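With PDB, C-alpha atoms, pLDDT in the B column inside, this is model.pdb:
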```
ATOM      1  CA  MET A   2    -107.288  29.212  21.610  1.00 44.00           C
ATOM      2  CA  GLY A   3    -110.569  30.946  20.964  1.00 46.00           C
ATOM      3  CA  THR A   4    -114.296  30.601  21.232  1.00 49.00           C
ATOM      4  CA  PHE A   5    -115.974  28.407  18.651  1.00 49.00           C
ATOM      5  CA  HIS A   6    -119.636  27.735  18.077  1.00 52.00           C
ATOM      6  CA  HIS A   7    -121.174  24.473  17.049  1.00 56.00           C
ATOM      7  CA  ASP A   8    -124.707  23.931  15.782  1.00 62.00           C
ATOM      8  CA  THR A   9    -124.823  27.377  14.262  1.00 69.00           C
ATOM      9  CA  HIS A  10    -125.257  28.469  10.648  1.00 77.00           C
ATOM     10  CA  GLU A  11    -122.110  28.362   8.534  1.00 87.00           C
ATOM     11  CA  LEU A  12    -122.209  32.157   8.278  1.00 91.00           C
ATOM     12  CA  HIS A  13    -122.454  32.682  12.043  1.00 90.00           C
ATOM     13  CA  GLY A  14    -119.940  35.346  13.005  1.00 92.00           C
ATOM     14  CA  ILE A  15    -119.195  36.278   9.396  1.00 95.00           C
ATOM     15  CA  THR A  16    -119.714  39.820   8.092  1.00 97.00           C
ATOM     16  CA  CYS A  17    -122.131  39.568   5.184  1.00 98.00           C
ATOM     17  CA  VAL A  18    -123.947  41.637   2.601  1.00 98.00           C
ATOM     18  CA  VAL A  19    -127.685  40.966   2.690  1.00 98.00           C
ATOM     19  CA  GLU A  20    -129.483  42.166  -0.423  1.00 97.00           C
ATOM     20  CA  THR A  21    -133.232  42.608  -0.456  1.00 97.00           C
ATOM     21  CA  ARG A  22    -136.086  42.942  -2.919  1.00 96.00           C
ATOM     22  CA  GLY A  23    -136.422  46.596  -1.942  1.00 92.00           C
ATOM     23  CA  PRO A  24    -133.993  49.524  -2.049  1.00 91.00           C
ATOM     24  CA  ARG A  25    -132.139  48.474   1.111  1.00 96.00           C
ATOM     25  CA  THR A  26    -128.880  46.554   1.379  1.00 98.00           C
ATOM     26  CA  TRP A  27    -127.640  45.506   4.802  1.00 98.00           C
ATOM     27  CA  VAL A  28    -124.090  44.713   5.885  1.00 98.00           C
ATOM     28  CA  GLY A  29    -123.452  43.194   9.289  1.00 98.00           C
ATOM     29  CA  ARG A  30    -122.188  40.248  11.280  1.00 97.00           C
ATOM     30  CA  VAL A  31    -124.503  37.273  10.831  1.00 97.00           C
ATOM     31  CA  HIS A  32    -125.744  35.769  14.058  1.00 96.00           C
ATOM     32  CA  GLU A  33    -128.422  33.507  12.708  1.00 94.00           C
ATOM     33  CA  VAL A  34    -130.075  32.548   9.440  1.00 95.00           C
ATOM     34  CA  GLY A  35    -133.486  31.021  10.002  1.00 92.00           C
ATOM     35  CA  PRO A  36    -137.110  30.922   8.903  1.00 94.00           C
ATOM     36  CA  ALA A  37    -137.695  34.413  10.271  1.00 94.00           C
ATOM     37  CA  GLY A  38    -134.822  35.918   8.350  1.00 96.00           C
ATOM     38  CA  VAL A  39    -131.233  36.954   8.846  1.00 97.00           C
ATOM     39  CA  LEU A  40    -130.253  38.296  12.259  1.00 97.00           C
ATOM     40  CA  LEU A  41    -127.381  40.748  11.923  1.00 98.00           C
ATOM     41  CA  HIS A  42    -125.348  42.434  14.630  1.00 97.00           C
ATOM     42  CA  ASP A  43    -123.473  45.735  14.287  1.00 97.00           C
ATOM     43  CA  ALA A  44    -125.053  46.382  10.910  1.00 98.00           C
ATOM     44  CA  ASP A  45    -124.975  49.231   8.435  1.00 98.00           C
ATOM     45  CA  VAL A  46    -127.640  49.826   5.826  1.00 98.00           C
ATOM     46  CA  PHE A  47    -127.680  51.370   2.396  1.00 98.00           C
ATOM     47  CA  ASP A  48    -130.866  52.992   1.181  1.00 95.00           C
ATOM     48  CA  GLU A  49    -130.930  53.834  -2.485  1.00 86.00           C
ATOM     49  CA  VAL A  50    -132.058  57.446  -2.928  1.00 87.00           C
ATOM     50  CA  PRO A  51    -131.984  59.580  -6.080  1.00 88.00           C
ATOM     51  CA  GLY A  52    -128.814  61.676  -6.213  1.00 90.00           C
ATOM     52  CA  GLY A  53    -127.169  59.788  -3.358  1.00 90.00           C
ATOM     53  CA  PRO A  54    -124.264  57.414  -3.469  1.00 92.00           C
ATOM     54  CA  THR A  55    -124.794  54.271  -5.478  1.00 94.00           C
ATOM     55  CA  LYS A  56    -124.967  50.818  -3.978  1.00 95.00           C
ATOM     56  CA  ALA A  57    -121.711  49.980  -5.762  1.00 95.00           C
ATOM     57  CA  GLU A  58    -120.013  52.945  -4.065  1.00 96.00           C
ATOM     58  CA  PHE A  59    -121.402  51.963  -0.670  1.00 97.00           C
ATOM     59  CA  LEU A  60    -120.267  48.367  -1.081  1.00 97.00           C
ATOM     60  CA  ALA A  61    -116.811  49.357  -2.327  1.00 96.00           C
ATOM     61  CA  ARG A  62    -116.275  51.623   0.679  1.00 96.00           C
ATOM     62  CA  THR A  63    -117.664  49.063   3.112  1.00 97.00           C
ATOM     63  CA  ALA A  64    -115.548  46.280   1.615  1.00 97.00           C
ATOM     64  CA  ALA A  65    -112.462  48.429   2.178  1.00 95.00           C
ATOM     65  CA  VAL A  66    -113.009  49.429   5.812  1.00 95.00           C
ATOM     66  CA  GLY A  67    -115.941  47.392   7.154  1.00 97.00           C
ATOM     67  CA  PRO A  68    -119.479  48.352   8.110  1.00 98.00           C
ATOM     68  CA  TRP A  69    -120.270  51.151  10.524  1.00 98.00           C
ATOM     69  CA  PRO A  70    -122.282  49.583  13.361  1.00 97.00           C
ATOM     70  CA  ARG A  71    -125.305  51.881  13.038  1.00 97.00           C
ATOM     71  CA  HIS A  72    -127.741  49.151  14.113  1.00 98.00           C
ATOM     72  CA  LYS A  73    -126.871  46.982  17.108  1.00 97.00           C
ATOM     73  CA  SER A  74    -129.146  44.160  15.934  1.00 98.00           C
ATOM     74  CA  VAL A  75    -131.600  43.817  13.085  1.00 98.00           C
ATOM     75  CA  VAL A  76    -133.608  41.005  11.528  1.00 98.00           C
ATOM     76  CA  VAL A  77    -133.911  41.214   7.763  1.00 98.00           C
ATOM     77  CA  PRO A  78    -137.167  39.323   7.066  1.00 97.00           C
ATOM     78  CA  ALA A  79    -136.695  36.147   5.043  1.00 97.00           C
ATOM     79  CA  ALA A  80    -139.329  37.233   2.536  1.00 97.00           C
ATOM     80  CA  GLU A  81    -137.229  40.290   1.660  1.00 97.00           C
ATOM     81  CA  VAL A  82    -133.839  38.590   1.374  1.00 97.00           C
ATOM     82  CA  THR A  83    -132.579  37.886  -2.134  1.00 97.00           C
ATOM     83  CA  SER A  84    -128.960  37.006  -1.319  1.00 96.00           C
ATOM     84  CA  VAL A  85    -126.480  36.674   1.522  1.00 97.00           C
ATOM     85  CA  ARG A  86    -122.768  36.782   0.682  1.00 96.00           C
ATOM     86  CA  ARG A  87    -119.546  37.373   2.526  1.00 96.00           C
ATOM     87  CA  LEU A  88    -118.309  40.963   2.552  1.00 97.00           C
ATOM     88  CA  GLY A  89    -114.768  39.575   2.515  1.00 94.00           C
ATOM     89  CA  ASP A  90    -115.404  38.142  -0.938  1.00 93.00           C
ATOM     90  CA  LEU A  91    -115.924  41.685  -2.234  1.00 91.00           C
ATOM     91  CA  SER A  92    -112.600  42.918  -0.894  1.00 71.00           C
ATOM     92  CA  ALA A  93    -110.588  39.871  -2.028  1.00 62.00           C
TER      93      ALA A  93
ATOM     94  CA  MET B  19    -119.417  41.909  29.829  1.00 74.00           C
ATOM     95  CA  PRO B  20    -115.793  40.754  29.974  1.00 84.00           C
ATOM     96  CA  TYR B  21    -114.941  37.064  29.826  1.00 88.00           C
ATOM     97  CA  PRO B  22    -113.216  35.457  32.826  1.00 91.00           C
ATOM     98  CA  GLU B  23    -109.568  36.351  32.842  1.00 92.00           C
ATOM     99  CA  GLU B  24    -108.516  32.698  33.051  1.00 92.00           C
ATOM    100  CA  LEU B  25    -110.188  32.146  29.666  1.00 93.00           C
ATOM    101  CA  VAL B  26    -108.627  35.186  28.075  1.00 96.00           C
ATOM    102  CA  SER B  27    -105.148  34.898  29.519  1.00 97.00           C
ATOM    103  CA  PRO B  28    -103.907  32.270  26.993  1.00 97.00           C
ATOM    104  CA  MET B  29    -105.228  34.443  24.163  1.00 97.00           C
ATOM    105  CA  ARG B  30    -103.211  37.372  25.467  1.00 98.00           C
ATOM    106  CA  ALA B  31    -100.169  35.143  25.815  1.00 98.00           C
ATOM    107  CA  GLU B  32    -100.319  34.028  22.177  1.00 98.00           C
ATOM    108  CA  LEU B  33     -99.205  37.554  21.317  1.00 98.00           C
ATOM    109  CA  THR B  34     -97.174  38.625  24.333  1.00 98.00           C
ATOM    110  CA  ARG B  35     -94.908  35.585  24.042  1.00 98.00           C
ATOM    111  CA  LEU B  36     -93.947  36.929  20.602  1.00 97.00           C
ATOM    112  CA  GLY B  37     -92.775  40.135  22.232  1.00 97.00           C
ATOM    113  CA  VAL B  38     -95.974  42.052  21.477  1.00 98.00           C
ATOM    114  CA  LYS B  39     -96.532  44.677  24.165  1.00 98.00           C
ATOM    115  CA  GLU B  40     -99.983  44.589  25.688  1.00 98.00           C
ATOM    116  CA  LEU B  41    -101.625  47.915  26.551  1.00 98.00           C
ATOM    117  CA  ARG B  42    -104.132  47.347  29.341  1.00 98.00           C
ATOM    118  CA  THR B  43    -105.121  50.917  30.220  1.00 98.00           C
ATOM    119  CA  ALA B  44    -105.981  54.141  28.433  1.00 98.00           C
ATOM    120  CA  ALA B  45    -102.846  55.675  29.927  1.00 98.00           C
ATOM    121  CA  GLU B  46    -100.721  52.942  28.397  1.00 97.00           C
ATOM    122  CA  VAL B  47    -102.316  53.604  24.998  1.00 98.00           C
ATOM    123  CA  ASP B  48    -101.603  57.312  25.454  1.00 97.00           C
ATOM    124  CA  GLY B  49     -98.013  56.454  26.240  1.00 96.00           C
ATOM    125  CA  PHE B  50     -97.797  54.476  23.008  1.00 96.00           C
ATOM    126  CA  ALA B  51     -99.521  57.108  20.877  1.00 95.00           C
ATOM    127  CA  ASN B  52     -97.880  60.253  22.179  1.00 93.00           C
ATOM    128  CA  GLY B  53     -95.142  61.226  19.808  1.00 79.00           C
ATOM    129  CA  GLN B  54     -95.255  57.871  18.045  1.00 86.00           C
ATOM    130  CA  LYS B  55     -92.407  57.858  15.510  1.00 92.00           C
ATOM    131  CA  GLY B  56     -91.516  55.190  13.048  1.00 96.00           C
ATOM    132  CA  THR B  57     -93.819  52.255  12.428  1.00 98.00           C
ATOM    133  CA  ALA B  58     -96.049  50.297  14.771  1.00 98.00           C
ATOM    134  CA  LEU B  59     -98.567  47.508  14.365  1.00 98.00           C
ATOM    135  CA  LEU B  60    -101.571  47.652  16.673  1.00 98.00           C
ATOM    136  CA  VAL B  61    -103.485  44.388  17.059  1.00 98.00           C
ATOM    137  CA  ILE B  62    -107.051  44.557  18.359  1.00 98.00           C
ATOM    138  CA  ASN B  63    -107.254  41.101  19.909  1.00 98.00           C
ATOM    139  CA  SER B  64    -110.547  39.369  20.713  1.00 97.00           C
ATOM    140  CA  VAL B  65    -112.052  36.136  22.008  1.00 95.00           C
ATOM    141  CA  CYS B  66    -113.707  35.221  18.737  1.00 90.00           C
ATOM    142  CA  GLY B  67    -112.772  32.294  16.558  1.00 91.00           C
ATOM    143  CA  CYS B  68    -111.352  34.425  13.764  1.00 93.00           C
ATOM    144  CA  ALA B  69    -108.833  35.925  16.184  1.00 96.00           C
ATOM    145  CA  ALA B  70    -107.788  32.423  17.225  1.00 95.00           C
ATOM    146  CA  GLY B  71    -107.841  30.893  13.768  1.00 95.00           C
ATOM    147  CA  GLY B  72    -106.652  33.847  11.710  1.00 97.00           C
ATOM    148  CA  ALA B  73    -105.505  37.048  13.352  1.00 98.00           C
ATOM    149  CA  ARG B  74    -103.130  35.827  16.069  1.00 98.00           C
ATOM    150  CA  PRO B  75    -101.404  33.107  14.017  1.00 98.00           C
ATOM    151  CA  GLY B  76    -101.308  35.470  11.041  1.00 98.00           C
ATOM    152  CA  VAL B  77     -99.580  38.140  13.113  1.00 98.00           C
ATOM    153  CA  ALA B  78     -97.157  35.528  14.454  1.00 98.00           C
ATOM    154  CA  MET B  79     -96.215  34.468  10.917  1.00 98.00           C
ATOM    155  CA  ALA B  80     -95.885  38.062   9.748  1.00 98.00           C
ATOM    156  CA  LEU B  81     -93.524  38.897  12.597  1.00 98.00           C
ATOM    157  CA  GLU B  82     -91.109  36.262  11.285  1.00 97.00           C
ATOM    158  CA  HIS B  83     -90.662  38.437   8.182  1.00 97.00           C
ATOM    159  CA  GLY B  84     -87.337  40.217   7.703  1.00 95.00           C
ATOM    160  CA  THR B  85     -89.001  43.609   7.532  1.00 97.00           C
ATOM    161  CA  LYS B  86     -91.334  44.493  10.367  1.00 96.00           C
ATOM    162  CA  PRO B  87     -92.596  47.462  12.374  1.00 98.00           C
ATOM    163  CA  ASP B  88     -90.491  49.188  15.022  1.00 97.00           C
ATOM    164  CA  ALA B  89     -93.130  48.361  17.627  1.00 97.00           C
ATOM    165  CA  VAL B  90     -95.984  45.875  17.949  1.00 98.00           C
ATOM    166  CA  VAL B  91     -98.682  46.488  20.542  1.00 98.00           C
ATOM    167  CA  THR B  92    -102.070  44.999  21.336  1.00 98.00           C
ATOM    168  CA  VAL B  93    -105.282  45.780  23.171  1.00 98.00           C
ATOM    169  CA  PHE B  94    -107.994  43.251  24.007  1.00 98.00           C
ATOM    170  CA  ALA B  95    -111.534  44.050  22.823  1.00 97.00           C
ATOM    171  CA  GLY B  96    -114.305  43.320  25.284  1.00 95.00           C
ATOM    172  CA  GLN B  97    -111.810  43.031  28.132  1.00 96.00           C
ATOM    173  CA  ASP B  98    -109.734  46.174  28.544  1.00 97.00           C
ATOM    174  CA  LEU B  99    -112.496  48.559  27.589  1.00 97.00           C
ATOM    175  CA  ASP B 100    -110.829  51.915  28.266  1.00 98.00           C
ATOM    176  CA  ALA B 101    -107.660  50.884  26.474  1.00 98.00           C
ATOM    177  CA  VAL B 102    -109.625  49.674  23.448  1.00 98.00           C
ATOM    178  CA  ALA B 103    -111.707  52.849  23.282  1.00 98.00           C
ATOM    179  CA  LYS B 104    -108.550  54.939  23.415  1.00 98.00           C
ATOM    180  CA  ALA B 105    -106.856  52.785  20.784  1.00 98.00           C
ATOM    181  CA  ARG B 106    -109.839  52.960  18.433  1.00 97.00           C
ATOM    182  CA  ALA B 107    -109.817  56.731  18.751  1.00 97.00           C
ATOM    183  CA  LEU B 108    -106.425  56.632  17.035  1.00 97.00           C
ATOM    184  CA  PHE B 109    -108.130  55.462  13.843  1.00 96.00           C
ATOM    185  CA  ALA B 110    -111.648  56.780  14.298  1.00 96.00           C
ATOM    186  CA  GLU B 111    -112.096  57.122  10.547  1.00 96.00           C
ATOM    187  CA  TYR B 112    -112.355  53.315  10.413  1.00 97.00           C
ATOM    188  CA  PRO B 113    -115.401  51.465  11.766  1.00 97.00           C
ATOM    189  CA  PRO B 114    -114.658  49.567  14.981  1.00 97.00           C
ATOM    190  CA  SER B 115    -114.141  45.840  14.538  1.00 95.00           C
ATOM    191  CA  SER B 116    -112.333  43.087  16.320  1.00 96.00           C
ATOM    192  CA  PRO B 117    -110.081  41.454  15.622  1.00 97.00           C
ATOM    193  CA  SER B 118    -108.480  44.085  13.425  1.00 98.00           C
ATOM    194  CA  LEU B 119    -104.972  45.258  12.619  1.00 98.00           C
ATOM    195  CA  ALA B 120    -103.674  48.797  12.114  1.00 98.00           C
ATOM    196  CA  LEU B 121    -100.211  49.690  10.874  1.00 98.00           C
ATOM    197  CA  PHE B 122     -99.090  53.176  11.870  1.00 97.00           C
ATOM    198  CA  LYS B 123     -96.298  55.287  10.466  1.00 96.00           C
ATOM    199  CA  ASP B 124     -95.396  58.414  12.413  1.00 95.00           C
ATOM    200  CA  GLY B 125     -98.784  58.334  14.107  1.00 94.00           C
ATOM    201  CA  LYS B 126    -100.892  57.880  10.989  1.00 95.00           C
ATOM    202  CA  VAL B 127    -102.635  54.699   9.858  1.00 96.00           C
ATOM    203  CA  VAL B 128    -101.078  53.517   6.599  1.00 97.00           C
ATOM    204  CA  HIS B 129    -102.654  50.051   6.429  1.00 97.00           C
ATOM    205  CA  PHE B 130    -105.756  48.637   8.063  1.00 97.00           C
ATOM    206  CA  VAL B 131    -107.128  45.101   8.135  1.00 97.00           C
ATOM    207  CA  PRO B 132    -110.734  45.040   9.377  1.00 97.00           C
ATOM    208  CA  ARG B 133    -112.382  41.954  10.825  1.00 97.00           C
ATOM    209  CA  HIS B 134    -114.139  40.913   7.621  1.00 97.00           C
ATOM    210  CA  GLN B 135    -110.770  40.624   5.872  1.00 97.00           C
ATOM    211  CA  ILE B 136    -109.692  38.178   8.609  1.00 97.00           C
ATOM    212  CA  GLU B 137    -112.845  36.039   8.807  1.00 95.00           C
ATOM    213  CA  GLY B 138    -112.345  32.672   7.155  1.00 91.00           C
ATOM    214  CA  ARG B 139    -108.891  33.507   5.817  1.00 94.00           C
ATOM    215  CA  ALA B 140    -105.931  31.279   6.463  1.00 97.00           C
ATOM    216  CA  PRO B 141    -103.202  32.709   8.709  1.00 98.00           C
ATOM    217  CA  ALA B 142    -100.755  32.639   5.786  1.00 98.00           C
ATOM    218  CA  MET B 143    -103.036  34.916   3.745  1.00 97.00           C
ATOM    219  CA  ILE B 144    -103.298  37.384   6.600  1.00 98.00           C
ATOM    220  CA  ALA B 145     -99.549  37.184   7.137  1.00 98.00           C
ATOM    221  CA  ASN B 146     -98.873  37.801   3.441  1.00 98.00           C
ATOM    222  CA  ASP B 147    -101.088  40.878   3.527  1.00 97.00           C
ATOM    223  CA  LEU B 148     -99.176  42.181   6.551  1.00 98.00           C
ATOM    224  CA  LYS B 149     -95.776  41.346   5.078  1.00 98.00           C
ATOM    225  CA  ALA B 150     -96.624  43.306   1.934  1.00 98.00           C
ATOM    226  CA  ALA B 151     -97.610  46.267   4.131  1.00 98.00           C
ATOM    227  CA  PHE B 152     -94.394  45.920   6.161  1.00 98.00           C
ATOM    228  CA  ASP B 153     -92.338  45.876   2.951  1.00 98.00           C
ATOM    229  CA  LYS B 154     -94.132  48.989   1.743  1.00 98.00           C
ATOM    230  CA  HIS B 155     -94.054  51.046   4.924  1.00 98.00           C
ATOM    231  CA  CYS B 156     -91.379  49.747   7.304  1.00 97.00           C
ATOM    232  CA  ALA B 157     -87.632  50.167   7.184  1.00 86.00           C
ATOM    233  CA  LYS B 158     -85.747  47.061   6.186  1.00 75.00           C
ATOM    234  CA  ALA B 159     -83.689  45.454   8.934  1.00 67.00           C
ATOM    235  CA  SER B 160     -79.975  46.036   8.362  1.00 60.00           C
TER     236      SER B 160
END
```
Structure rendered as structure tokens:
Amino acid sequence: MGTFHHDTHELHGITCVVETRGPRTWVGRVHEVGPAGVLLHDADVFDEVPGGPTKAEFLARTAAVGPWPRHKSVVVPAAEVTSVRRLGDLSA
Amino acid sequence: MPYPEELVSPMRAELTRLGVKELRTAAEVDGFANGQKGTALLVINSVCGCAAGGARPGVAMALEHGTKPDAVVTVFAGQDLDAVAKARALFAEYPPSSPSLALFKDGKVVHFVPRHQIEGRAPAMIANDLKAAFDKHCAKAS
């Protein structure tokens, strides 16, 4: 027995990697995917900076242990989103 | 805000009827953690669909394996807040997620399954992951 949601996006409740046109990559639990963008809960963000960890390193670490919930909720604007994929597919 | 207990009670029972000990208070988690020797699986239970469809049935299948932890305990995220906070402090190096599964050996986490490795996975896949961890870290039953 559990709680299930109907009439929601297929990624609702799934932890996803949201890549953007800019230097930021978000990882969080998808609540909604709509015209405004992707609403994530409990999300972490990677900001590419010179000399810092690479995106590959960030994603490898996050795929192993999960995202740190640094942002309670965030909307990644649709115009910035280039891909949305399951984090679990990276750790498989 | 916690869900009504009458909704959550069957979700608790899915584990407790397997012999999993539920820890409802911070003191009970302390009692589990203090001087923990041998192996123990800690299940962070939750109301979400991936706990119902993956984590709980996966744990049930894994506990049918010949090799398993000395103890299996659970706390319920979103319900027993103090107990969950205390339990998560035992593996604070991992981001909080629920459901999730932590295998301890002599007080240290030796295997961790975060929520995103449960989402959308069949119970048998979760069970196989746990069984492999049990084989690696737990003493074989004689």
Expected answer as an MDAnalysis selection string: chain B residues within 7 Å of chain A, all atoms listed in the file = chainID B and resid 29 65:67 70 112:113 132 134:135 137
Figure out the distance between atom CA of B:Ala151 and atom CA of B:Ile62, please, to one decimal in Å.
-> 17.2 Å
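Residues surrounding stretch 82-86 of chain A within 7 Å are Cys17, Val18, Val19, Glu20, Thr21, Arg22, Val77, Pro78 and Ala79 of chain A [only C-alpha atoms; sequence separation below 3 positions excluded].
Taking atom CA of B:Phe109 as the reference point, atom CA of B:Thr92 is found at 14.2 Å.
Within 9 Å of the point (-133.7, 36.1, 7.8), counting only C-alpha atoms, the protein and nucleic acid residues come to Glu33, Val34, Gly35, Pro36, Ala37, Gly38, Val39, Leu40, Leu41, Val76, Val77, Pro78, Ala79, Ala80, Glu81 and Val82 of chain A.
The space between atom CA of B:Ala80 and atom CA of B:Pro28 spans 19.9 Å.
Residues in contact range of A:Arg25, defined as at most 9 Å between all atoms listed in the file, with sequence neighbours fewer than 6 positions away removed, read Val19, Val46, Phe47, Asp48 and Glu49 of chain A.
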Next, the residues of the selection above should be written as a compact mmCIF listing (two decimals), in the frame of the given file with C-alpha atoms.
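For reference, again-v2.txt as written:
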```txt
# COMPACT_ATOMS: atom_id res chain seq x y z
CA VAL A 19 -127.68 40.97 2.69
CA VAL A 46 -127.64 49.83 5.83
CA PHE A 47 -127.68 51.37 2.40
CA ASP A 48 -130.87 52.99 1.18
CA GLU A 49 -130.93 53.83 -2.48
```
Got a sec: who's within 9 Å of stretch 44-59 of chain B, counting all atoms listed in the file, leaving out chain neighbours fewer than 6 positions off, as a list in words?
-> Lys86, Pro87, Asp88, Ala89, Val90, Val91, Thr92, Val93, Asp98, Leu99, Asp100, Ala101, Val102, Ala103, Lys104, Ala105, Leu108, Leu119, Ala120, Leu121, Phe122, Lys123, Asp124, Gly125, Phe152, His155, Cys156 and Ala157 of chain B
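Picked out by the PyMOL selection byres ((chain A and resi 73) around 6) when it runs on this file: His42, Asp43, His72 and Ser74 of chain A.
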Can you list, as a PyMOL selection string, every protein, DNA or RNA residue that comes within 9 Å of B:Gly76 when you count only C-alpha atoms, leaving out same-chain residues fewer than 5 positions away?
-> chain B and resi 71+81+140-146+148
Could you write out that same residue set with C-alpha atoms as a JSON list (two decimals), keeping the file's coordinate frame?
```json
[["chain", "number", "residue", "atom", "x", "y", "z"],
["B", 71, "GLY", "CA", -107.84, 30.89, 13.77],
["B", 81, "LEU", "CA", -93.52, 38.90, 12.60],
["B", 140, "ALA", "CA", -105.93, 31.28, 6.46],
["B", 141, "PRO", "CA", -103.20, 32.71, 8.71],
["B", 142, "ALA", "CA", -100.76, 32.64, 5.79],
["B", 143, "MET", "CA", -103.04, 34.92, 3.74],
["B", 144, "ILE", "CA", -103.30, 37.38, 6.60],
["B", 145, "ALA", "CA", -99.55, 37.18, 7.14],
["B", 146, "ASN", "CA", -98.87, 37.80, 3.44],
["B", 148, "LEU", "CA", -99.18, 42.18, 6.55]]
```
